[in-house]
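Source file: coords.pdb. Holds: PDB, C-alpha atoms.
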ATOM      1  CA  MET N   2    -110.069  19.548 308.603
ATOM      2  CA  LYS N   3    -107.520  18.230 306.167
ATOM      3  CA  LEU N   4    -106.279  14.806 307.242
ATOM      4  CA  LEU N   5    -103.064  14.896 309.228
ATOM      5  CA  ALA N   6    -100.088  12.761 308.376
ATOM      6  CA  GLY N   7    -100.408   9.223 309.671
ATOM      7  CA  ILE N   8    -103.086   6.588 309.404
ATOM      8  CA  SER N   9    -106.208   7.745 307.549
ATOM      9  CA  ILE N  10    -109.846   7.405 308.580
ATOM     10  CA  ILE N  11    -110.275   4.738 305.897
ATOM     11  CA  ALA N  12    -107.385   2.768 307.378
ATOM     12  CA  ILE N  13    -108.962   3.119 310.831
ATOM     13  CA  LEU N  14    -112.234   1.723 309.514
ATOM     14  CA  ALA N  15    -110.306  -1.113 307.879
ATOM     15  CA  ILE N  16    -108.714  -1.985 311.233
ATOM     16  CA  LEU N  17    -112.216  -2.125 312.700
ATOM     17  CA  GLY N  18    -113.524  -4.217 309.816
ATOM     18  CA  GLY N  19    -115.805  -1.578 308.343
ATOM     19  CA  ALA N  20    -114.453   0.205 305.225
ATOM     20  CA  ASP N  21    -115.532  -1.057 301.827
ATOM     21  CA  THR N  22    -116.432   0.291 298.388
ATOM     22  CA  ALA N  23    -118.538  -2.582 297.109
ATOM     23  CA  HIS N  24    -120.781  -3.646 299.977
ATOM     24  CA  CYS N  25    -123.575  -2.056 301.974
ATOM     25  CA  ALA N  26    -124.266  -2.609 305.639
ATOM     26  CA  GLN N  27    -126.751  -5.326 306.429
ATOM     27  CA  ARG N  28    -128.818  -2.832 308.418
ATOM     28  CA  GLY N  29    -128.225   0.334 306.447
ATOM     29  CA  HIS N  30    -125.066   2.274 305.731
ATOM     30  CA  GLN N  31    -123.476   5.666 306.054
ATOM     31  CA  ALA N  32    -121.092   7.283 303.654
ATOM     32  CA  ALA N  33    -117.514   7.348 304.861
ATOM     33  CA  PRO N  34    -114.666   9.508 303.559
ATOM     34  CA  SER N  35    -113.512   9.067 299.941
ATOM     35  CA  GLY N  36    -116.768   7.438 298.927
ATOM     36  CA  LYS N  37    -116.306   4.459 301.241
ATOM     37  CA  ARG N  38    -119.209   2.939 303.093
ATOM     38  CA  ILE N  39    -119.376   1.606 306.599
ATOM     39  CA  VAL N  40    -120.061  -2.112 306.343
ATOM     40  CA  ASN N  41    -121.670  -4.290 308.993
ATOM     41  CA  ARG N  42    -119.677  -7.413 308.379
ATOM     42  CA  ILE N  43    -119.379 -10.455 310.598
ATOM     43  CA  ALA N  44    -116.484  -9.848 312.978
ATOM     44  CA  ALA N  45    -116.570 -13.305 314.560
ATOM     45  CA  THR N  46    -118.761 -16.357 315.025
ATOM     46  CA  VAL N  47    -119.166 -18.391 318.204
ATOM     47  CA  ASN N  48    -120.736 -21.772 317.541
ATOM     48  CA  GLY N  49    -122.332 -20.126 314.527
ATOM     49  CA  ARG N  50    -123.615 -17.128 316.488
ATOM     50  CA  PRO N  51    -122.483 -13.867 314.831
ATOM     51  CA  VAL N  52    -120.678 -10.903 316.367
ATOM     52  CA  THR N  53    -120.923  -7.982 313.919
ATOM     53  CA  SER N  54    -118.347  -5.328 313.135
ATOM     54  CA  ALA N  55    -121.016  -2.720 313.987
ATOM     55  CA  GLU N  56    -121.103  -4.079 317.550
ATOM     56  CA  VAL N  57    -117.315  -3.875 317.726
ATOM     57  CA  ARG N  58    -117.281  -0.293 316.417
ATOM     58  CA  ALA N  59    -120.069   0.834 318.747
ATOM     59  CA  ARG N  60    -118.291  -0.645 321.787
ATOM     60  CA  LEU N  61    -114.970   0.843 320.663
ATOM     61  CA  ASP N  62    -116.280   4.305 319.841
ATOM     62  CA  PRO N  63    -115.586   5.957 323.240
ATOM     63  CA  TYR N  64    -112.002   4.658 323.145
ATOM     64  CA  LEU N  65    -111.518   5.646 319.504
ATOM     65  CA  ARG N  66    -112.686   9.227 320.093
ATOM     66  CA  GLU N  67    -110.258   9.617 322.991
ATOM     67  CA  LEU N  68    -107.394   8.074 321.020
ATOM     68  CA  LEU N  69    -108.014  10.419 318.085
ATOM     69  CA  MET N  70    -107.882  13.361 320.463
ATOM     70  CA  LEU N  71    -104.815  12.140 322.369
ATOM     71  CA  TYR N  72    -102.770  11.192 319.295
ATOM     72  CA  PRO N  73    -103.490  13.818 316.612
ATOM     73  CA  ASP N  74    -100.683  12.551 314.357
ATOM     74  CA  ARG N  75    -102.289   9.058 314.262
ATOM     75  CA  GLY N  76     -98.856   7.527 314.460
ATOM     76  CA  PRO N  77     -97.655   4.062 315.566
ATOM     77  CA  ARG N  78     -98.693   4.522 319.189
ATOM     78  CA  PHE N  79    -102.240   5.415 318.108
ATOM     79  CA  VAL N  80    -102.415   2.297 315.904
ATOM     80  CA  ALA N  81    -101.034   0.077 318.677
ATOM     81  CA  GLU N  82    -103.555   1.389 321.224
ATOM     82  CA  LEU N  83    -106.443   1.005 318.767
ATOM     83  CA  VAL N  84    -105.512  -2.568 317.846
ATOM     84  CA  LYS N  85    -105.132  -3.426 321.536
ATOM     85  CA  ALA N  86    -108.553  -1.957 322.357
ATOM     86  CA  LYS N  87    -110.176  -3.751 319.425
ATOM     87  CA  GLY N  88    -108.743  -7.079 320.566
ATOM     88  CA  ALA N  89    -110.072  -6.573 324.089
ATOM     89  CA  VAL N  90    -113.533  -5.595 322.824
ATOM     90  CA  LEU N  91    -113.730  -8.535 320.429
ATOM     91  CA  LYS N  92    -112.761 -10.926 323.226
ATOM     92  CA  GLU N  93    -115.485  -9.465 325.466
ATOM     93  CA  LEU N  94    -118.090  -9.916 322.733
ATOM     94  CA  ILE N  95    -116.978 -13.480 322.046
ATOM     95  CA  ASP N  96    -117.158 -14.303 325.756
ATOM     96  CA  ARG N  97    -120.623 -12.739 325.792
ATOM     97  CA  GLU N  98    -121.823 -15.134 323.112
ATOM     98  CA  LEU N  99    -120.353 -18.105 324.959
ATOM     99  CA  VAL N 100    -122.327 -17.247 328.091
ATOM    100  CA  LEU N 101    -125.484 -16.374 326.132
ATOM    101  CA  SER N 102    -125.612 -19.880 324.706
ATOM    102  CA  GLU N 103    -125.805 -21.192 328.257
ATOM    103  CA  PHE N 104    -128.345 -18.526 329.270
ATOM    104  CA  GLU N 105    -130.724 -19.316 326.413
ATOM    105  CA  THR N 106    -130.797 -23.020 327.202
ATOM    106  CA  ARG N 107    -132.570 -22.037 330.419
ATOM    107  CA  GLY N 108    -135.311 -20.170 328.569
ATOM    108  CA  ALA N 109    -134.657 -17.053 330.646
ATOM    109  CA  MET N 110    -135.723 -13.526 329.582
ATOM    110  CA  ILE N 111    -134.504 -10.008 330.406
ATOM    111  CA  PRO N 112    -137.339  -7.503 331.116
ATOM    112  CA  GLU N 113    -137.488  -4.307 329.035
ATOM    113  CA  THR N 114    -137.278  -2.211 332.205
ATOM    114  CA  VAL N 115    -133.859  -3.691 332.956
ATOM    115  CA  VAL N 116    -132.663  -2.851 329.436
ATOM    116  CA  ASP N 117    -133.987   0.706 329.873
ATOM    117  CA  GLU N 118    -132.025   1.107 333.109
ATOM    118  CA  GLU N 119    -128.804  -0.068 331.475
ATOM    119  CA  LEU N 120    -129.388   2.197 328.458
ATOM    120  CA  ASN N 121    -129.809   5.221 330.736
ATOM    121  CA  ARG N 122    -126.688   4.250 332.682
ATOM    122  CA  ARG N 123    -124.647   4.067 329.468
ATOM    123  CA  ILE N 124    -125.920   7.449 328.327
ATOM    124  CA  LEU N 125    -124.950   8.978 331.666
ATOM    125  CA  TYR N 126    -121.459   7.523 332.030
ATOM    126  CA  GLN N 127    -120.308   7.124 328.412
ATOM    127  CA  PHE N 128    -122.031  10.103 326.794
ATOM    128  CA  ASN N 129    -122.258  12.656 329.622
ATOM    129  CA  GLY N 130    -126.021  12.208 329.717
ATOM    130  CA  LYS N 131    -126.387  13.192 326.033
ATOM    131  CA  ARG N 132    -128.813  10.854 324.282
ATOM    132  CA  ASP N 133    -128.290  12.614 320.938
ATOM    133  CA  LEU N 134    -124.582  11.814 321.100
ATOM    134  CA  LEU N 135    -125.371   8.138 321.599
ATOM    135  CA  LEU N 136    -127.668   8.172 318.557
ATOM    136  CA  GLN N 137    -125.012   9.928 316.486
ATOM    137  CA  THR N 138    -122.422   7.357 317.539
ATOM    138  CA  LEU N 139    -124.731   4.503 316.605
ATOM    139  CA  ARG N 140    -125.358   5.977 313.156
ATOM    140  CA  GLN N 141    -121.632   6.302 312.568
ATOM    141  CA  SER N 142    -121.165   2.678 313.604
ATOM    142  CA  GLY N 143    -123.890   1.406 311.280
ATOM    143  CA  MET N 144    -126.010   0.359 314.255
ATOM    144  CA  SER N 145    -129.634   1.210 315.062
ATOM    145  CA  LEU N 146    -130.964   1.992 318.529
ATOM    146  CA  ASN N 147    -132.833  -1.336 318.472
ATOM    147  CA  ASP N 148    -129.574  -3.111 317.643
ATOM    148  CA  PHE N 149    -127.921  -1.355 320.573
ATOM    149  CA  ARG N 150    -130.754  -2.277 322.918
ATOM    150  CA  GLU N 151    -130.383  -5.884 321.839
ATOM    151  CA  SER N 152    -126.668  -5.688 322.589
ATOM    152  CA  LEU N 153    -127.462  -4.326 326.068
ATOM    153  CA  ARG N 154    -130.006  -7.097 326.563
ATOM    154  CA  LYS N 155    -127.293  -9.642 325.824
ATOM    155  CA  GLU N 156    -124.843  -8.004 328.242
ATOM    156  CA  THR N 157    -127.499  -7.925 330.951
ATOM    157  CA  ALA N 158    -128.241 -11.596 330.323
ATOM    158  CA  VAL N 159    -124.550 -12.394 330.721
ATOM    159  CA  ALA N 160    -124.466 -10.537 334.044
ATOM    160  CA  ALA N 161    -127.566 -12.422 335.186
ATOM    161  CA  MET N 162    -126.084 -15.738 334.137
ATOM    162  CA  ARG N 163    -122.876 -15.009 335.986
ATOM    163  CA  SER N 164    -124.795 -13.959 339.084
ATOM    164  CA  SER N 165    -126.940 -17.088 339.100
ATOM    165  CA  ARG N 166    -123.967 -19.382 338.589
ATOM    166  CA  TYR N 167    -121.177 -17.885 340.646
ATOM    167  CA  ASP N 168    -122.484 -15.233 343.026
ATOM    168  CA  ARG N 169    -124.203 -17.612 345.429
ATOM    169  CA  GLY N 170    -121.325 -17.943 347.842
ATOM    170  CA  ILE N 171    -121.103 -16.645 351.353
ATOM    171  CA  PRO N 172    -122.781 -13.209 351.485
ATOM    172  CA  PRO N 173    -120.378 -10.287 351.891
ATOM    173  CA  THR N 174    -119.937  -9.052 355.427
ATOM    174  CA  PRO N 175    -120.824  -5.449 356.329
ATOM    175  CA  ASP N 176    -117.100  -4.699 356.606
ATOM    176  CA  GLU N 177    -116.464  -6.045 353.094
ATOM    177  CA  ILE N 178    -119.321  -3.986 351.681
ATOM    178  CA  ARG N 179    -118.081  -0.866 353.449
ATOM    179  CA  ALA N 180    -114.519  -1.412 352.206
ATOM    180  CA  GLU N 181    -115.723  -1.895 348.615
ATOM    181  CA  TYR N 182    -117.892   1.212 348.843
ATOM    182  CA  ASN N 183    -115.013   3.324 350.161
ATOM    183  CA  ALA N 184    -112.769   2.100 347.336
ATOM    184  CA  THR N 185    -115.280   2.594 344.503
ATOM    185  CA  LYS N 186    -117.873   5.124 345.658
ATOM    186  CA  SER N 187    -116.773   7.679 343.051
ATOM    187  CA  ASP N 188    -117.990   5.230 340.390
ATOM    188  CA  TYR N 189    -121.572   5.835 341.557
ATOM    189  CA  ARG N 190    -121.503   9.638 341.304
ATOM    190  CA  ASP N 191    -123.644  11.651 338.877
ATOM    191  CA  ILE N 192    -120.660  12.813 336.840
ATOM    192  CA  THR N 193    -122.748  15.242 334.768
ATOM    193  CA  LYS N 194    -122.711  17.522 337.844
ATOM    194  CA  ASP N 195    -118.914  17.729 337.960
ATOM    195  CA  THR N 196    -117.281  21.090 337.194
ATOM    196  CA  ILE N 197    -113.698  21.964 336.281
ATOM    197  CA  THR N 198    -111.476  25.017 335.860
ATOM    198  CA  TYR N 199    -108.519  24.962 333.493
ATOM    199  CA  ASP N 200    -106.104  27.037 331.456
ATOM    200  CA  LYS N 201    -106.313  26.525 327.711
ATOM    201  CA  ILE N 202    -104.317  27.337 324.588
ATOM    202  CA  PHE N 203    -106.010  26.802 321.240
ATOM    203  CA  ILE N 204    -104.031  26.537 318.009
ATOM    204  CA  PRO N 205    -106.343  26.534 314.952
ATOM    205  CA  ALA N 206    -105.827  23.890 312.282
ATOM    206  CA  VAL N 207    -105.228  26.641 309.747
ATOM    207  CA  GLY N 208    -102.908  29.468 310.782
ATOM    208  CA  SER N 209    -102.882  33.135 309.920
ATOM    209  CA  THR N 210    -101.027  32.537 306.650
ATOM    210  CA  GLN N 211    -102.901  30.955 303.760
ATOM    211  CA  ASP N 212    -100.249  28.319 303.100
ATOM    212  CA  SER N 213    -100.198  26.983 306.676
ATOM    213  CA  THR N 214    -101.245  23.353 307.041
ATOM    214  CA  PRO N 215    -102.680  21.302 309.909
ATOM    215  CA  GLU N 216     -99.355  19.466 310.070
ATOM    216  CA  GLN N 217     -97.493  22.746 310.589
ATOM    217  CA  GLN N 218     -99.998  23.884 313.201
ATOM    218  CA  LEU N 219     -99.640  20.574 315.037
ATOM    219  CA  THR N 220     -95.860  21.022 315.033
ATOM    220  CA  LEU N 221     -96.335  24.511 316.481
ATOM    221  CA  ALA N 222     -98.625  23.172 319.221
ATOM    222  CA  GLN N 223     -96.120  20.438 320.069
ATOM    223  CA  GLU N 224     -93.319  23.005 320.307
ATOM    224  CA  ILE N 225     -95.417  25.201 322.620
ATOM    225  CA  CYS N 226     -96.039  22.181 324.855
ATOM    226  CA  ARG N 227     -92.340  21.417 324.943
ATOM    227  CA  LYS N 228     -91.447  24.977 325.936
ATOM    228  CA  ILE N 229     -94.025  25.079 328.730
ATOM    229  CA  LYS N 230     -92.948  21.708 330.138
ATOM    230  CA  SER N 231     -89.252  22.656 330.004
ATOM    231  CA  GLY N 232     -89.866  26.010 331.666
ATOM    232  CA  GLU N 233     -88.723  28.027 328.639
ATOM    233  CA  MET N 234     -92.113  29.729 328.521
ATOM    234  CA  LYS N 235     -94.874  30.243 331.039
ATOM    235  CA  PHE N 236     -98.344  29.003 330.163
ATOM    236  CA  GLU N 237     -99.839  32.486 330.444
ATOM    237  CA  GLU N 238     -97.225  33.948 328.116
ATOM    238  CA  ALA N 239     -97.763  31.182 325.558
ATOM    239  CA  ALA N 240    -101.534  31.722 325.678
ATOM    240  CA  ARG N 241    -101.237  35.456 325.044
ATOM    241  CA  THR N 242     -98.704  34.902 322.254
ATOM    242  CA  TYR N 243    -100.149  31.967 320.349
ATOM    243  CA  SER N 244    -103.687  31.108 321.415
ATOM    244  CA  ALA N 245    -106.751  31.855 319.302
ATOM    245  CA  ASP N 246    -108.952  31.061 322.291
ATOM    246  CA  MET N 247    -111.485  33.601 323.579
ATOM    247  CA  HIS N 248    -109.616  33.773 326.929
ATOM    248  CA  ALA N 249    -106.122  34.131 325.440
ATOM    249  CA  GLN N 250    -105.557  37.622 326.869
ATOM    250  CA  ASP N 251    -106.468  36.286 330.307
ATOM    251  CA  GLY N 252    -103.511  33.919 330.061
ATOM    252  CA  GLY N 253    -105.802  31.160 328.827
ATOM    253  CA  SER N 254    -107.688  31.052 332.140
ATOM    254  CA  TRP N 255    -111.252  29.746 331.805
ATOM    255  CA  PRO N 256    -114.058  30.119 334.362
ATOM    256  CA  PRO N 257    -115.580  26.951 335.861
ATOM    257  CA  ILE N 258    -117.380  24.801 333.310
ATOM    258  CA  ALA N 259    -119.709  21.838 333.806
ATOM    259  CA  ARG N 260    -118.629  18.436 332.577
ATOM    260  CA  ALA N 261    -121.914  18.099 330.706
ATOM    261  CA  ASP N 262    -120.984  21.159 328.621
ATOM    262  CA  LEU N 263    -117.772  19.575 327.338
ATOM    263  CA  ALA N 264    -117.258  17.056 324.546
ATOM    264  CA  VAL N 265    -117.300  13.617 326.163
ATOM    265  CA  GLU N 266    -113.804  12.599 325.090
ATOM    266  CA  PHE N 267    -112.331  15.966 326.160
ATOM    267  CA  ALA N 268    -114.111  15.716 329.517
ATOM    268  CA  ASN N 269    -112.789  12.192 330.093
ATOM    269  CA  ILE N 270    -109.240  13.369 329.455
ATOM    270  CA  VAL N 271    -109.204  16.576 331.496
ATOM    271  CA  PHE N 272    -111.088  15.135 334.467
ATOM    272  CA  SER N 273    -108.548  12.304 334.641
ATOM    273  CA  LEU N 274    -105.633  14.775 334.853
ATOM    274  CA  PRO N 275    -104.064  15.682 338.198
ATOM    275  CA  VAL N 276    -104.370  19.359 339.091
ATOM    276  CA  GLY N 277    -101.483  21.312 337.572
ATOM    277  CA  GLU N 278    -100.644  18.732 334.891
ATOM    278  CA  LEU N 279    -100.340  19.739 331.241
ATOM    279  CA  ALA N 280    -102.001  17.742 328.455
ATOM    280  CA  GLY N 281    -101.844  18.113 324.720
ATOM    281  CA  PRO N 282    -101.842  18.928 322.034
ATOM    282  CA  LEU N 283    -105.311  17.400 321.831
ATOM    283  CA  LEU N 284    -107.108  17.221 318.508
ATOM    284  CA  ASP N 285    -110.603  18.613 317.987
ATOM    285  CA  PRO N 286    -112.483  19.405 314.756
ATOM    286  CA  ALA N 287    -111.107  22.954 314.592
ATOM    287  CA  GLY N 288    -107.515  22.583 315.746
ATOM    288  CA  PHE N 289    -105.295  21.659 318.681
ATOM    289  CA  THR N 290    -105.754  22.281 322.389
ATOM    290  CA  ILE N 291    -103.210  22.477 325.198
ATOM    291  CA  VAL N 292    -104.808  22.365 328.620
ATOM    292  CA  ARG N 293    -103.718  22.615 332.260
ATOM    293  CA  VAL N 294    -106.182  21.774 335.034
ATOM    294  CA  ARG N 295    -106.462  24.314 337.852
ATOM    295  CA  GLY N 296    -109.157  22.659 339.917
ATOM    296  CA  LYS N 297    -112.008  20.159 339.926
ATOM    297  CA  ARG N 298    -115.242  20.086 341.864
ATOM    298  CA  LEU N 299    -116.754  16.617 341.746
ATOM    299  CA  ALA N 300    -120.346  15.712 342.507
ATOM    300  CA  PRO N 301    -120.647  13.860 345.815
ATOM    301  CA  ALA N 302    -120.942  10.101 345.934
ATOM    302  CA  PRO N 303    -124.364   8.798 346.942
ATOM    303  CA  PRO N 304    -124.623   7.347 350.454
ATOM    304  CA  LEU N 305    -124.025   3.631 350.832
ATOM    305  CA  SER N 306    -127.699   3.100 351.633
ATOM    306  CA  GLN N 307    -128.621   4.126 348.067
ATOM    307  CA  VAL N 308    -126.141   1.855 346.296
ATOM    308  CA  LYS N 309    -125.792  -1.017 348.744
ATOM    309  CA  ASP N 310    -127.228  -3.614 346.355
ATOM    310  CA  ALA N 311    -124.803  -2.589 343.590
ATOM    311  CA  VAL N 312    -121.858  -2.662 346.000
ATOM    312  CA  ASP N 313    -122.952  -6.061 347.282
ATOM    313  CA  ASP N 314    -122.997  -7.327 343.672
ATOM    314  CA  ALA N 315    -119.527  -5.913 343.067
ATOM    315  CA  VAL N 316    -118.085  -7.737 346.086
ATOM    316  CA  ARG N 317    -119.700 -11.004 344.999
ATOM    317  CA  ARG N 318    -118.328 -10.625 341.463
ATOM    318  CA  LYS N 319    -114.802 -10.131 342.779
ATOM    319  CA  GLN N 320    -115.112 -13.143 345.040
ATOM    320  CA  SER N 321    -116.214 -15.351 342.152
ATOM    321  CA  GLU N 322    -113.908 -13.890 339.471
ATOM    322  CA  LYS N 323    -111.445 -16.767 339.376
ATOM    323  CA  ARG N 324    -114.133 -19.469 339.110
ATOM    324  CA  TYR N 325    -116.008 -17.444 336.481
ATOM    325  CA  LEU N 326    -112.921 -17.036 334.276
ATOM    326  CA  GLU N 327    -112.165 -20.750 334.587
ATOM    327  CA  TRP N 328    -115.720 -21.495 333.438
ATOM    328  CA  ILE N 329    -115.328 -19.156 330.441
ATOM    329  CA  GLU N 330    -112.116 -20.952 329.456
ATOM    330  CA  ARG N 331    -113.933 -24.296 329.574
ATOM    331  CA  LEU N 332    -116.643 -22.882 327.317
ATOM    332  CA  ARG N 333    -113.967 -21.596 324.948
ATOM    333  CA  ASP N 334    -112.286 -24.990 324.795
ATOM    334  CA  LYS N 335    -115.555 -26.617 323.697
ATOM    335  CA  ALA N 336    -116.630 -23.859 321.280
ATOM    336  CA  VAL N 337    -115.998 -23.291 317.575
ATOM    337  CA  ILE N 338    -114.790 -19.693 317.366
ATOM    338  CA  ARG N 339    -113.823 -17.942 314.135
ATOM    339  CA  THR N 340    -112.648 -14.324 313.867
ATOM    340  CA  PHE N 341    -112.644 -12.268 310.657
ATOM    341  CA  ILE N 342    -111.296  -8.833 311.644
TER     342      ILE N 342
END
Using C-alpha cells, write down the structure that the file contains.
Amino acid sequence: MKLLAGISIIAILAILGGADTAHCAQRGHQAAPSGKRIVNRIAATVNGRPVTSAEVRARLDPYLRELLMLYPDRGPRFVAELVKAKGAVLKELIDRELVLSEFETRGAMIPETVVDEELNRRILYQFNGKRDLLLQTLRQSGMSLNDFRESLRKETAVAAMRSSRYDRGIPPTPDEIRAEYNATKSDYRDITKDTITYDKIFIPAVGSTQDSTPEQQLTLAQEICRKIKSGEMKFEEAARTYSADMHAQDGGSWPPIARADLAVEFANIVFSLPVGELAGPLLDPAGFTIVRVRGKRLAPAPPLSQVKDAVDDAVRRKQSEKRYLEWIERLRDKAVIRTFI
C-alpha cells in the first residue's frame, strides 16, 4: 500500500533507533523501506551493560502494530503514543539490567525449562499461539530467536530476584488469594479459544476509480464512521453501499470467528470493545476496516486449583510493590545510566 500522509515507516524506525543507510545490524539485518536497513544499535547502557535497539523494537512490536492499525493517518496522536510506549519499554529494560547485576552476583542460573515455559506463554498471549508470527516479528526487529530467549531468561531472572528479595513476607490468606483470583481470573484463560461475532465494513486502499488514493479512501472511511455514529446512516445500509467485504450484502454481518483466526492486533482491538461499540477506521495491508461487535464468547477461566501458585505470586508481588520500587530507585541512584535513543 502506498504510504499514507503522516509519519513514514523510516521515521518510525528512527524513533525506535533503528533506521540507517550506512550501518548493518550487529546480528544481521533486514532491508527496510527506501533502501534503509534495520540497525541493532545500543539503546542504553547500565553500568556498561548494553540494552539494544532490537530488544526495544521486539518489546514494542505488539504496541506498534496496534497503533498502526488504530491510527492509519500516523498523525500527532500516533507519534505521541509511540514515544510514550518506547519510553516505558526502555525504562523497563533499564530496570531489568539494574536487577540483573544484583542477580548475577549471586551466581544464580535460570533453567532452560523455565525459559521454554515463558516463551510458550508469550506466544499464546502476545501472538495468539502463532509461533511463526513471533519469528516474523523477531526478524523484523533484527533479533534472533536465541536473542529473544536470552531476553526472556533475563526477565525471568529479574522475577526470581524480586521474589527472593521481597516476596518473603506474610503468606497471603485464602481470602486474599480468592479475591485476587476473582479480580484477575480472565488473565489465565486460553484466549486462543475465544470467539467473536461482529459487523464489518471494508474500504479498499484503492477505490473503483484508477486515480483514487489511500488518503481519499481513508477520508471516505472516516466519513462513513461519522455518519454511522451520528445516526445519519445505519451500519447495514453503509455496508451494502460502500463495503467491499464478502458479507457486504448481509449488512456486513459476519458469522462467529475464532480469535486465533484473526490478526493479533485486530483481535486485541475488537475483543477489547464493548458489545455494540463502533471502532475504526482500522488500517490493514489492504485497506480500512470499520467494525461493530455483536457478541463475544470467551473461553472459561481455569479453576483456582490450577493457577493457585500464580495467584499466590501475584498477591505477594502487590504486597511488596512499594518496597521493590524503592529498591529499584536506590539502584538507579548508584548506577551509571546512559540512553541513546
Write out as an mmCIF file with C-alpha atoms, in the coordinates of the input each polymer residue whose atoms come within 9 Å of Ala44 in chain N, counting only C-alpha atoms; drop sequence neighbours fewer than 2 positions from it.
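File out.cif, as written:
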data_model
loop_
_atom_site.group_PDB
_atom_site.id
_atom_site.type_symbol
_atom_site.label_atom_id
_atom_site.label_comp_id
_atom_site.auth_asym_id
_atom_site.auth_seq_id
_atom_site.Cartn_x
_atom_site.Cartn_y
_atom_site.Cartn_z
ATOM 1 C CA LEU N 17 -112.216 -2.125 312.700
ATOM 2 C CA GLY N 18 -113.524 -4.217 309.816
ATOM 3 C CA ASN N 41 -121.670 -4.290 308.993
ATOM 4 C CA ARG N 42 -119.677 -7.413 308.379
ATOM 5 C CA THR N 46 -118.761 -16.357 315.025
ATOM 6 C CA PRO N 51 -122.483 -13.867 314.831
ATOM 7 C CA VAL N 52 -120.678 -10.903 316.367
ATOM 8 C CA THR N 53 -120.923 -7.982 313.919
ATOM 9 C CA SER N 54 -118.347 -5.328 313.135
ATOM 10 C CA ALA N 55 -121.016 -2.720 313.987
ATOM 11 C CA GLU N 56 -121.103 -4.079 317.550
ATOM 12 C CA VAL N 57 -117.315 -3.875 317.726
ATOM 13 C CA LEU N 91 -113.730 -8.535 320.429
ATOM 14 C CA ARG N 339 -113.823 -17.942 314.135
ATOM 15 C CA THR N 340 -112.648 -14.324 313.867
ATOM 16 C CA PHE N 341 -112.644 -12.268 310.657
ATOM 17 C CA ILE N 342 -111.296 -8.833 311.644
#
Practice problem: Please indicate the distance in Å from CA of Glu181 in chain N to CA of Glu93 in chain N, rounded to one decimal place. | Solution: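 Computed distance, CA of Glu181 in chain N to CA of Glu93 in chain N, equals 24.4 Å.
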Exercise. Fewer than 2 positions away in the same chain doesn't count, so skip those; otherwise give me all residues within 12 Å of range 99-107 of chain N, counting all atoms listed in the file, as a PyMOL selection string.
Key: chain N and resi 46-52+92-97+109-111+152+154-166+325-326+328-338
Quiz item: Which is closest to Lys235 in chain N among N:Leu279, N:Ile178, N:Ala264, N:Met247, if we use all atoms listed in the file?
Solution: N:Leu279
Quiz item: Which residues fall under the PyMOL selection byres ((chain N and resi 202) around 6) in this file, as a PyMOL selection string?
Solution: chain N and resi 201+203+240+244+253+290-291
Quiz item: Quick one, how far is CA of Pro112 in chain N from CA of Leu125 in chain N?
Solution: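 About the pair CA of Pro112 in chain N and CA of Leu125 in chain N: they are 20.6 Å apart.
Rounded to one decimal, CA of Ala311 in chain N and CA of Glu119 in chain N lie 13.0 Å from each other.
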Exercise. Using all atoms listed in the file, determine which residues lie at most 10 Å from Ser187 in chain N, disregarding the query and same-chain residues fewer than 3 positions distant; provide the list as a PyMOL selection string.
Key: chain N and resi 182-184+190-192+299-303
Include C-alpha atoms and write out the residues we just selected as a PDB file, keeping the file's coordinate frame.
ATOM      1  CA  TYR N 182    -117.892   1.212 348.843  1.00  0.00           C
ATOM      2  CA  ASN N 183    -115.013   3.324 350.161  1.00  0.00           C
ATOM      3  CA  ALA N 184    -112.769   2.100 347.336  1.00  0.00           C
ATOM      4  CA  ARG N 190    -121.503   9.638 341.304  1.00  0.00           C
ATOM      5  CA  ASP N 191    -123.644  11.651 338.877  1.00  0.00           C
ATOM      6  CA  ILE N 192    -120.660  12.813 336.840  1.00  0.00           C
ATOM      7  CA  LEU N 299    -116.754  16.617 341.746  1.00  0.00           C
ATOM      8  CA  ALA N 300    -120.346  15.712 342.507  1.00  0.00           C
ATOM      9  CA  PRO N 301    -120.647  13.860 345.815  1.00  0.00           C
ATOM     10  CA  ALA N 302    -120.942  10.101 345.934  1.00  0.00           C
ATOM     11  CA  PRO N 303    -124.364   8.798 346.942  1.00  0.00           C
TER      12      PRO N 303
END
Practice problem: Tell me which of N:Lys297, N:Arg150, N:Arg58, N:Lys319 sits closest to Ala268 in chain N, counting all atoms listed in the file. | Solution: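 Among the listed residues, the smallest separation from Ala268 in chain N belongs to N:Lys297.
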Quick check on the file I pasted: which residues fall under the PyMOL selection byres ((chain N and resi 59) around 10)? Write them as a CSV table (one decimal) with C-alpha atoms, keeping the file's coordinate frame.
chain,number,residue,atom,x,y,z
N,54,SER,CA,-118.3,-5.3,313.1
N,55,ALA,CA,-121.0,-2.7,314.0
N,56,GLU,CA,-121.1,-4.1,317.6
N,57,VAL,CA,-117.3,-3.9,317.7
N,58,ARG,CA,-117.3,-0.3,316.4
N,60,ARG,CA,-118.3,-0.6,321.8
N,61,LEU,CA,-115.0,0.8,320.7
N,62,ASP,CA,-116.3,4.3,319.8
N,63,PRO,CA,-115.6,6.0,323.2
N,64,TYR,CA,-112.0,4.7,323.1
N,65,LEU,CA,-111.5,5.6,319.5
N,135,LEU,CA,-125.4,8.1,321.6
N,138,THR,CA,-122.4,7.4,317.5
N,139,LEU,CA,-124.7,4.5,316.6
N,140,ARG,CA,-125.4,6.0,313.2
N,141,GLN,CA,-121.6,6.3,312.6
N,142,SER,CA,-121.2,2.7,313.6
N,143,GLY,CA,-123.9,1.4,311.3
N,144,MET,CA,-126.0,0.4,314.3
N,149,PHE,CA,-127.9,-1.4,320.6
Exercise. Mind checking which residues fall within 12 Å of Ser273 in chain N, counting all atoms listed in the file, ignoring those fewer than 4 positions away in the same chain, and posting them as a ChimeraX atom specification?
Key: /N:197,260,266-269,277-280,293-294,296-297,299
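Considering the residues N:Phe236, N:Pro173, N:Pro257, N:Ile229 and counting all atoms listed in the file, Thr196 in chain N has its shortest atom-to-atom contact with N:Pro257.
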Quiz item: If we count all atoms listed in the file, what is near Leu221 in chain N at a cut-off of 12 Å, once residues fewer than 6 positions away on the same chain are taken out, given as a list in words?
Solution: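 Result of the neighbour search: Ile202, Phe203, Ile204, Pro205, Ala206, Val207, Gly208, Ser213, Thr214, Pro215, Arg227, Lys228, Ala239, Tyr243, Ser244, Gly281, Pro282, Gly288, Phe289, Thr290 and Ile291 of chain N.
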